[in-house]
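K.L.:
If you scroll down you'll find the structure; I have some questions about it.
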Amino acid sequence: MSDHPKIRPEERSMWETPEMLKRLWIIVPATCVLFGLMNIVLAVMHKTHPHFTIDKFPVFYGVVGFLSFSFIVLAGQHLRKILMREEGYYDGEEAMLPRPGEDPRVYADDRDLEEDGE
Amino acid sequence: MIPFIPGDFNPAYLLCIAGILAALSPSKTGRGIIGLIGIGLGLLQLRSLGVGQMDSAIYYGVMEIAGYEFIPLRMDKLSVIFATIFHIAALINVIYGWSHATRLESSMGLIYAGSAIGGALAGDLLTLFSFWELAAISSVFIVWAGGTHAAFKAGMRYLVVQVLSGLTLLAGIVLHLSRGGSSEFGKFTLMGEAGVDPVAALILFAFGLKAAFPLLHTWLQDSYPKATPVGAVLLSAFTTKLAIYTLVRGFEGTGILIPIGCVMTAFPVFFALIENDLRKVLSYSLNNQLGFMVCAIGIGGPLAINGAAGHAFVHIIYKALLFMGMGAVVVRVGTAKATELGGLHKSMPWTTVFTIIGAMSISAFPLFSGFVAKSMITLAAAEAHMLFAYLVLLFASAGVLEHSGIKIPYFAFFAHDRFAPSVTGRERPKEAPRPMLIAMGIAAFLCLAVGFYPPILYGLLPYETDYHAYTFEHVATQMQLLMFAILAFMLLVKYKLYPDEVRSTNLDVDWLWRVPGRRLVEWGVPTVARLWHLIWNNLRALNVLVVRGLTMVHGPGGRLSRSLSVGLSAGSTGIVLAIVLILTFLN
Amino acid sequence: MLMDDLPVLPVLLPLIAAPIAVLLPNGRAAGAWATLIAWLSFYLAMQLTSIVATAGTVEYAMGGWASPLGILYRVDLAGAIVMTLVAGMASVTFPYAMSSSAAEIVPSQSKAFFAMFLICFSGLMGVVATGDAFNVFVFLEISSLSTYTLVALGAKRDRRALTAAFNYLVLGTIGATFFVIGLGLLYQVTGTLNMIDIHEKVQAAEEDYGRVVRAGYAFIMTGLALKLAMFPLHRWLPNAYTFAPSSVTAFLASTSTKVAIYAMLRFLFTVFGFSFGFADVALAVFLILGLVGMFSGSLIAIFRRDVKMILAYSSVAQIGYMLLGISFATVDGVGAALVHVVNHAVMKATLFLAVGAVFFSLGSHRLSAYKGLGKTMPVTTAVIIVGGLSLIGVPLTNGFISKWALVGAAYDSVLAVPSLAIVLMIVASSLLAVAYVGRIVWAMLLEDPVPGVQAKPVPALMMVPMVLMALLCLYLGVNADGLVDLCRQAAEVLLDSGLGYGGVR
């Protein structure tokens, strides 16, 4: 995260404090374990209804979730090597110009009007 | 019954009329009120028309013209659930655009919503086609309202695809009718005894274009992010869902839809990951969600169809909610690019909360609306013992969580705070405007209401159901899937394996016609022109020769037009007589 | 009593009225008289058509003498249509002539002019109505002789009318002579002049006197081909049409060749029929010369600088279409030819009447006089455009209907030439029509008027007929079912009697 903007500590919200991050690192694995256990218990009690062979394995869904997500992120980012182009690839500078014959300020005016009312 | 409105009046017309009136109204508030009244009347009218069961629809206004039976209104549970959700989406849109919709957007938006409703309620093919085209034409104005050159060009591409879809549909309808098919829009059989039925294939192609089947999907990601904040919300609700409705009606249980749906739900996951523009991420996510529905339609059967219709219903709400959240960001910050956002939760807390509700709904967390609908689809796949489809759907569920559940809120509202006064030297962006917050609040409420009390949704579904979303097993498996995926996310971020946001354009299959295709045309047109000039010049030279020759023979004084002397004329008569005589005798 | 005489009345009425016209005090009165007679005949002819259409062919024994001894008048549906057409054209051109002849004819001759007009009219009706072969010759000559005079009367404005009339006289007489020689040969072997009678006896005679019958056939076909201006025998037509007075041109162009075509149909199908092998000769000749005529006439028309001449050559081309339809020898083909007979008469009358109006106003029918006519004479321009579009065969005009019928017939017929080739040739020659009509329209609409030329206002007596004809062009283009059905029926009747009773359909 190269161009990480440096903000002052007092500008952090409660969600950005290191304590909150620590707490998250406890909550999320704990939830994973909780629901994993729940599934195991259900399986032992024969309360599950597997439709295939592989989903008889109690934490099958956890594994699928973890692996799918990792695969998407780890494999997906390599697509950039093939597909990524500079931002104005198709339309260039023109992309952000207003359409001919149209007042570029209309939208801005709308915004101002609305803000006055607020 | 509403006083002053005929008993069998089409609610679609009420919205279209409201749209026309809105176009005439000079003030924003006036347009908003007209919209609310129109949609309110439409909902009342829809209720008073009643609902028939799937196999005993109620018909209104049936008339036969030249042997063709028009059915403007067909009320059964399937058409009514779509008409209802279209009304709700229109309502949310009117509120969301209360102070920001341009005149074009509010009027065209109402007509667009009206045509989607009309299409869902249409009982015969030609009525469907008319609304199909009306939806295409009214919505392109919304794309154009984006106001940039890029939006204009994307709008043109959008229009081409939509009109192509309409024309293909018309061709299919004509062929279908000409071989004696029924005028009522019912089920088509793609694989007949004699292989693929070309007529059904044409119609499926038309529907598929609008439903953004893989390879035909790029118009969606191309145009939606270029619309205005309000416009994108409008666009996200109607076109594709109308297509889903037509697929349910026409191609339920058509096997080919299962692989199509699987591809459709899986591939956008990767594109969404690397995309920078968060509204474009949502467009890919839209595609991925449609994949679930298409897959369910391919599986067929009451459970799957309930799943598809229910998923469409809840999807419209939470997708609109997400687009509204991003739209609010665009209104306040001017962009929805991940590279320029972050930390907005500090100054836009409500928008953050609502967007997270939308994100959790689309990720199908229990107690949110996505869960109660999507689980029907996965269960249908499992019950049909389609292991591969099932796994793809699970994979896609993890994908949804990645791009819509985490990426959208994370990059927009958390991640790197780019709006701290110490960084920008300015105040932070303000909270979203109040009408937008109200609209988001309504949508978020609906997401939670359906999530907490699924019977709201189940009562509307096409088929009777005793399905229970909240079993221990469902909750346990789904929560496992999601929490382990979140764990993966946290690990990836911790070990810096999660890809950074980067300013970029990512290529999709539309590159084929936007770059080499355009080159080909740019090269082809002058080449053909040159070739034609060459041929034309030669022809002209030839022509001069021919005309000169003809003038010599036929012109004044030419051999054939000279006024001959009487003797010569008489002589020629004699010659003709001689020839006829000879021929007669020879015969 | 009157109704019983219906087949002869439209013939005799103008014949008797002609001498009376000469006795009237002035040309105007004679014109009014002729007009009255024409209208009366038109009414009678329409009555006749409606009777024939419902009750079938009508026969009338002249003077009560039964056939084959007496002269029999025999009107079938095709004949009734042509008679109505001729009478209709007369009732339009006669009032028109009242105004136009004042400018184009020497005043002292105008009473005689209308008398000649009436005689010509009567002759043309007679050719159609009679069922007697020699009577055909007589009426043909009555109409021809009066026509020569009528053409010659154009000499007041252009002396070349005299040579044109002389040329026409010589060639017309040659044609008539061939025709009467042919008749003589047939009479020699059959001993009868009644058409039906000849038809019955000529079969038997063919075995013994085959050569005589064949020679008679060749002479009659050549003679009639000259009268109807088939391609290489058309030389008399352009000059005669160009130099005749306007009203005469309009009348002749819309009737005389059409009547000759009808006579040809009668001899081809009723008298000879298809039992002879040599009947195919005429069909082959018609096919080839019809096609050649279509192109040659149109091509010459393109290069002409005189509007009347352009239209005259266009007539040669249009006759090619009719011959083409006949040469298919199917009900559709002959029906299409009859449709075109009617439609071509209407559109050519429209055009020649309008050309006459321009001649009246500007004193010229050269293309150069038409420059900027759209501004100076808008109504006439509109009429010419309607007629021109019909000539090309643009949809919503009657020309389209006949081309359509012809193309349909060509497509369905079985011929030596591939029918698709013929269809393409019909289309191609229509394109040539675009060229010559385009030249006129171009001059009228896109070029500036010749400065200093004042157009005389066109009198109502000329304006009304030509606008009426233009409207008829459009009406027949929109509501064509009646005419097409009628012509098809007529063709069925014609072929039925000629095909050895139910031959090729």
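Ordering of the structure tokens sets the chain letters (A, B, ...), residue numbers begin anew at 1 in every chain, and ligands are numbered from 1 in the order given.
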Taking 2 positions as the minimum chain separation for residues in the same chain, which residues sit within 6 Å of stretch 462-476 of chain B when counting only C-alpha atoms? Answer as a list in words.

P.N.:
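Those residues are Phe35 and Asn39 of chain A; Lys77, Leu78, Pro302, Val372, Gln478 and Met479 of chain B.
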
K.L.:
For C-alpha atoms, I'd like the residues from the last selection saved as a PDB file, in the first residue's frame.

P.N.:
```pdb
ATOM      1  CA  PHE A  35     -19.997 -22.390  13.404  1.00  0.00           C
ATOM      2  CA  ASN A  39     -21.788 -28.059  11.994  1.00  0.00           C
TER       3      ASN A  39
ATOM      4  CA  LYS B  77     -48.091 -15.206  -9.300  1.00  0.00           C
ATOM      5  CA  LEU B  78     -44.996 -15.041 -11.475  1.00  0.00           C
ATOM      6  CA  PRO B 302     -40.998 -25.141  -8.171  1.00  0.00           C
ATOM      7  CA  VAL B 372     -33.546 -16.416   2.393  1.00  0.00           C
ATOM      8  CA  GLN B 478     -23.643 -20.469   5.298  1.00  0.00           C
ATOM      9  CA  MET B 479     -21.951 -18.803   8.255  1.00  0.00           C
TER      10      MET B 479
END
```

K.L.:
Mind checking which residues fall within 9 Å of stretch 1-16 of chain C, counting only C-alpha atoms, ignoring those fewer than 3 positions away in the same chain, and posting them as a PyMOL selection string?

P.N.:
chain C and resi 19-20+34+37-38+40-45+47-48+58-60+62+73-75+80+83+87+115+118-126+129-130

K.L.:
Considering only C-alpha atoms, extract the chain C residues located within 8 Å of chain B and return them as a VMD selection string.

P.N.:
chain C and resid 167 170 to 171 174 211 214 to 215 218 to 219 222 226 232 to 233 235 239 277 to 278 281 to 282 296 299 to 300 303 to 304

K.L.:
Please save C-alpha atoms of the selected residues as a tab-separated table (two decimals), in the first residue's frame.

P.N.:
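Result saved to selection_22.tsv:
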```tsv
chain	number	residue	atom	x	y	z
C	167	ASN	CA	-46.02	8.29	-95.10
C	170	VAL	CA	-48.68	4.61	-97.83
C	171	LEU	CA	-47.66	2.30	-95.03
C	174	ILE	CA	-49.72	-1.53	-97.47
C	211	ARG	CA	-50.05	-23.44	-98.15
C	214	ARG	CA	-50.27	-20.44	-94.12
C	215	ALA	CA	-49.84	-17.62	-96.60
C	218	ALA	CA	-48.63	-14.60	-92.66
C	219	PHE	CA	-50.29	-11.81	-94.60
C	222	THR	CA	-48.02	-8.81	-90.97
C	226	LEU	CA	-48.13	-2.87	-89.12
C	232	PRO	CA	-39.71	-2.75	-87.25
C	233	LEU	CA	-43.09	-1.74	-88.70
C	235	ARG	CA	-41.94	3.82	-88.71
C	239	ASN	CA	-43.99	11.23	-87.12
C	277	GLY	CA	-48.32	-25.69	-85.58
C	278	PHE	CA	-47.51	-22.44	-87.34
C	281	VAL	CA	-44.48	-18.48	-85.31
C	282	ALA	CA	-46.50	-15.41	-84.46
C	296	SER	CA	-35.28	0.10	-79.05
C	299	LEU	CA	-33.57	3.99	-76.21
C	300	ILE	CA	-34.63	6.21	-79.08
C	303	PHE	CA	-32.23	10.68	-77.16
C	304	ARG	CA	-35.10	12.67	-78.62
```

K.L.:
Identify, with DSSP run on backbone atoms, the residues in stretch 162-250 of chain B assigned to strand (DSSP E), and express the list as a list in words.

P.N.:
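In stretch 162-250 of chain B, DSSP puts these residues in strand (DSSP E): Met191, Gly192, Gly195 and Val196 of chain B.
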
K.L.:
Using C-alpha atoms, can you export the residues from the last selection as a short mmCIF file (atom, residue, chain, number, x, y, z; two decimals), in the first residue's frame?

P.N.:
```
data_model
loop_
_atom_site.label_atom_id
_atom_site.label_comp_id
_atom_site.auth_asym_id
_atom_site.auth_seq_id
_atom_site.Cartn_x
_atom_site.Cartn_y
_atom_site.Cartn_z
CA MET B 191 -34.24 -28.84 -27.83
CA GLY B 192 -36.97 -30.39 -29.92
CA GLY B 195 -32.32 -30.90 -32.54
CA VAL B 196 -32.11 -27.23 -31.65
#
```

K.L.:
Using only C-alpha atoms, tabulate the residues of chain B lying at most 6 Å from any atom of chain A, each with its closest atom pair and that distance in Å to one decimal, by chain and increasing residue number, as CSV.

P.N.:
```
residue,atom,partner,partner_atom,distance
B:Gly147,CA,A:Arg99,CA,5.7
B:Thr148,CA,A:Pro98,CA,4.4
B:His149,CA,A:Arg99,CA,5.1
B:Ala150,CA,A:Ala95,CA,4.5
B:Phe270,CA,A:Gly76,CA,5.0
B:Ala382,CA,A:His51,CA,5.9
B:Phe395,CA,A:Ser68,CA,5.5
B:Ala398,CA,A:Phe69,CA,5.7
B:Ala476,CA,A:Phe35,CA,5.4
B:Thr477,CA,A:Tyr61,CA,5.8
B:Gln480,CA,A:Gly62,CA,4.7
B:Leu481,CA,A:Gly65,CA,4.4
B:Met483,CA,A:Cys32,CA,5.5
B:Phe484,CA,A:Phe66,CA,5.0
B:Ala485,CA,A:Phe66,CA,4.5
B:Ala488,CA,A:Phe66,CA,5.6
B:Ser504,CA,A:Glu87,CA,4.3
B:Thr505,CA,A:Glu87,CA,4.8
B:Asn506,CA,A:Met84,CA,4.6
B:Leu507,CA,A:Leu83,CA,4.9
```

K.L.:
Rounded to one decimal in Å, what is the spacing between atom CA of B:Gln221 and atom CA of B:Ser283?

P.N.:
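Going from atom CA of B:Gln221 over to atom CA of B:Ser283 covers 5.3 Å.
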
K.L.:
So which residues touch B:Val329 within 10 Å, counting only C-alpha atoms, skipping near sequence neighbours fewer than 4 positions away, as a list of chain:residue names?

P.N.:
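The filter keeps B:Pro229, B:Phe323, B:Met324, B:Gly325, B:Val333, B:Gly334, B:Thr335, B:Ala336, B:Lys337, B:Leu341, B:Leu344, B:Met348, B:Thr351, B:Thr352, B:Ala412, B:Phe413, B:Pro429, B:Lys430, B:Glu431, B:Ala432.
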
K.L.:
Can I get the selected residues back with N, CA, C and O atoms, as a compact mmCIF listing (two decimals), in the first residue's frame?

P.N.:
```txt
# COMPACT_ATOMS: atom_id res chain seq x y z
N PRO B 229 -25.47 9.21 -10.69
CA PRO B 229 -25.76 8.40 -9.49
C PRO B 229 -27.20 7.90 -9.49
O PRO B 229 -27.46 6.73 -9.21
N PHE B 323 -26.07 0.45 -5.16
CA PHE B 323 -25.87 1.51 -6.14
C PHE B 323 -26.19 2.87 -5.54
O PHE B 323 -25.56 3.88 -5.85
N MET B 324 -27.19 2.90 -4.65
CA MET B 324 -27.55 4.17 -4.02
C MET B 324 -26.41 4.64 -3.11
O MET B 324 -26.06 5.82 -3.08
N GLY B 325 -25.83 3.68 -2.36
CA GLY B 325 -24.71 4.03 -1.50
C GLY B 325 -23.57 4.62 -2.31
O GLY B 325 -23.03 5.69 -1.99
N VAL B 333 -18.44 13.13 -3.36
CA VAL B 333 -17.00 13.16 -3.64
C VAL B 333 -16.73 13.38 -5.13
O VAL B 333 -15.70 13.92 -5.50
N GLY B 334 -17.68 12.99 -5.98
CA GLY B 334 -17.50 13.19 -7.41
C GLY B 334 -16.95 11.99 -8.13
O GLY B 334 -16.80 12.00 -9.33
N THR B 335 -16.64 10.93 -7.42
CA THR B 335 -16.13 9.75 -8.10
C THR B 335 -16.44 8.52 -7.26
O THR B 335 -16.72 8.63 -6.07
N ALA B 336 -16.42 7.37 -7.91
CA ALA B 336 -16.61 6.12 -7.18
C ALA B 336 -15.39 5.23 -7.38
O ALA B 336 -15.48 4.02 -7.31
N LYS B 337 -14.24 5.86 -7.65
CA LYS B 337 -13.04 5.04 -7.88
C LYS B 337 -12.38 4.71 -6.55
O LYS B 337 -12.15 5.58 -5.71
N LEU B 341 -11.05 6.93 -2.88
CA LEU B 341 -11.97 6.87 -1.75
C LEU B 341 -11.29 6.25 -0.54
O LEU B 341 -10.18 5.73 -0.63
N LEU B 344 -14.58 7.13 4.46
CA LEU B 344 -15.78 7.97 4.44
C LEU B 344 -16.74 7.66 5.59
O LEU B 344 -17.68 8.41 5.82
N MET B 348 -19.78 10.03 6.65
CA MET B 348 -21.04 9.57 6.04
C MET B 348 -21.50 8.30 6.76
O MET B 348 -21.65 7.24 6.13
N THR B 351 -24.78 6.49 5.38
CA THR B 351 -24.53 5.84 4.09
C THR B 351 -23.73 4.57 4.32
O THR B 351 -23.99 3.53 3.70
N THR B 352 -22.75 4.64 5.22
CA THR B 352 -21.93 3.47 5.50
C THR B 352 -22.78 2.32 6.03
O THR B 352 -22.70 1.20 5.53
N ALA B 412 -14.60 1.96 0.00
CA ALA B 412 -15.29 3.25 -0.02
C ALA B 412 -15.26 3.90 1.36
O ALA B 412 -15.00 5.09 1.48
N PHE B 413 -15.48 3.11 2.38
CA PHE B 413 -15.74 3.73 3.68
C PHE B 413 -14.61 3.51 4.68
O PHE B 413 -14.55 4.19 5.69
N PRO B 429 -16.11 15.27 3.35
CA PRO B 429 -17.39 15.34 2.62
C PRO B 429 -18.55 15.18 3.58
O PRO B 429 -18.46 14.49 4.59
N LYS B 430 -19.67 15.84 3.19
CA LYS B 430 -20.84 15.77 4.07
C LYS B 430 -21.57 14.44 3.90
O LYS B 430 -21.38 13.71 2.93
N GLU B 431 -22.46 14.15 4.87
CA GLU B 431 -23.34 12.99 4.76
C GLU B 431 -24.23 13.15 3.52
O GLU B 431 -24.44 14.27 3.03
N ALA B 432 -24.73 12.05 3.03
CA ALA B 432 -25.57 12.09 1.82
C ALA B 432 -26.80 12.96 2.05
O ALA B 432 -27.25 13.11 3.19
```

K.L.:
Do you know which residues are at most 12 Å from C:Lys456 counting only C-alpha atoms, after dropping those on the same chain fewer than 5 positions away, and could you put them as a ChimeraX atom specification?

P.N.:
/C:103,357-363,376-377

K.L.:
For B:Met156, please output as a ChimeraX atom specification all residues within 10 Å (counting only C-alpha atoms; exclusion window: fewer than 6 positions along the same chain).

P.N.:
/B:140,143-144,150,162,219,223

K.L.:
Deliver the residues from the most recent selection as a file, using N, CA, C and O atoms, as a PDB file, in the first residue's frame.

P.N.:
```pdb
ATOM      1  N   VAL B 140     -32.128   4.247 -22.595  1.00  0.00           N
ATOM      2  CA  VAL B 140     -30.895   4.787 -23.176  1.00  0.00           C
ATOM      3  C   VAL B 140     -30.759   6.276 -22.840  1.00  0.00           C
ATOM      4  O   VAL B 140     -29.654   6.791 -22.668  1.00  0.00           O
ATOM      5  N   VAL B 143     -28.896   6.512 -19.701  1.00  0.00           N
ATOM      6  CA  VAL B 143     -27.442   6.377 -19.865  1.00  0.00           C
ATOM      7  C   VAL B 143     -26.873   7.702 -20.369  1.00  0.00           C
ATOM      8  O   VAL B 143     -25.880   8.207 -19.855  1.00  0.00           O
ATOM      9  N   TRP B 144     -27.525   8.266 -21.378  1.00  0.00           N
ATOM     10  CA  TRP B 144     -27.035   9.515 -21.950  1.00  0.00           C
ATOM     11  C   TRP B 144     -27.028  10.653 -20.929  1.00  0.00           C
ATOM     12  O   TRP B 144     -26.206  11.555 -20.996  1.00  0.00           O
ATOM     13  N   ALA B 150     -18.094   9.886 -22.928  1.00  0.00           N
ATOM     14  CA  ALA B 150     -18.016   8.443 -22.746  1.00  0.00           C
ATOM     15  C   ALA B 150     -19.414   7.877 -22.531  1.00  0.00           C
ATOM     16  O   ALA B 150     -19.753   6.822 -23.059  1.00  0.00           O
ATOM     17  N   GLN B 162     -29.479  -3.219 -27.279  1.00  0.00           N
ATOM     18  CA  GLN B 162     -30.892  -3.351 -26.894  1.00  0.00           C
ATOM     19  C   GLN B 162     -31.784  -3.484 -28.119  1.00  0.00           C
ATOM     20  O   GLN B 162     -32.718  -4.282 -28.124  1.00  0.00           O
ATOM     21  N   TRP B 219     -22.323  -4.664 -22.479  1.00  0.00           N
ATOM     22  CA  TRP B 219     -23.105  -3.416 -22.516  1.00  0.00           C
ATOM     23  C   TRP B 219     -23.438  -2.943 -21.113  1.00  0.00           C
ATOM     24  O   TRP B 219     -23.544  -1.753 -20.847  1.00  0.00           O
ATOM     25  N   SER B 223     -22.169   0.616 -19.668  1.00  0.00           N
ATOM     26  CA  SER B 223     -23.044   1.788 -19.575  1.00  0.00           C
ATOM     27  C   SER B 223     -23.428   2.170 -18.146  1.00  0.00           C
ATOM     28  O   SER B 223     -23.480   3.349 -17.825  1.00  0.00           O
TER      29      SER B 223
END
```

K.L.:
Based on DSSP run over this structure's backbone, return all residues of stretch 401-485 of chain B in helix (DSSP H, G or I), as a ChimeraX atom specification.

P.N.:
/B:401-413,421-424,434-452,455-458,472-485

K.L.:
Set the distance at 9 Å and use only C-alpha atoms: which residues neighbour stretch 288-295 of chain B once local chain neighbours fewer than 4 positions away are removed? I'd like the list as a PyMOL selection string.

P.N.:
chain B and resi 211-213+240-241+244+247-248+257-269+283-284+299-300+304-305+307-309+311-312+315+362+374+377-378+381+389+393+396+399-400

K.L.:
Do you know which residues are at most 10 Å from B:Ala136 counting only C-alpha atoms, after dropping those on the same chain fewer than 2 positions away, and could you put them as a list in words?

P.N.:
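Here the qualifying residues turn out to be Tyr112, Ser115, Ala116, Ser130, Phe131, Trp132, Glu133, Leu134, Ser138, Ser139, Val140, Phe141, Tyr158, Leu159, Val160, Val161, Gln162, Val163, Ser165, Gly166, Lys210 and Thr239 of chain B.
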
K.L.:
Have a look at C:Leu186, C:Leu389, C:Ala301, C:Val52 and name the one nearest to C:Ala470; count only C-alpha atoms.

P.N.:
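The answer is C:Leu389, which sits nearest to C:Ala470.
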
K.L.:
One decimal, Å: what's the distance from atom CA of C:Ala225 over to atom CA of C:Phe179, could you say?

P.N.:
9.8 Å

K.L.:
Using atom CA of C:Val458 and atom CA of C:Met444 as the two end points, give the distance in Å to one decimal.

P.N.:
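Computing the Euclidean distance for atom CA of C:Val458 and atom CA of C:Met444 yields 17.0 Å.
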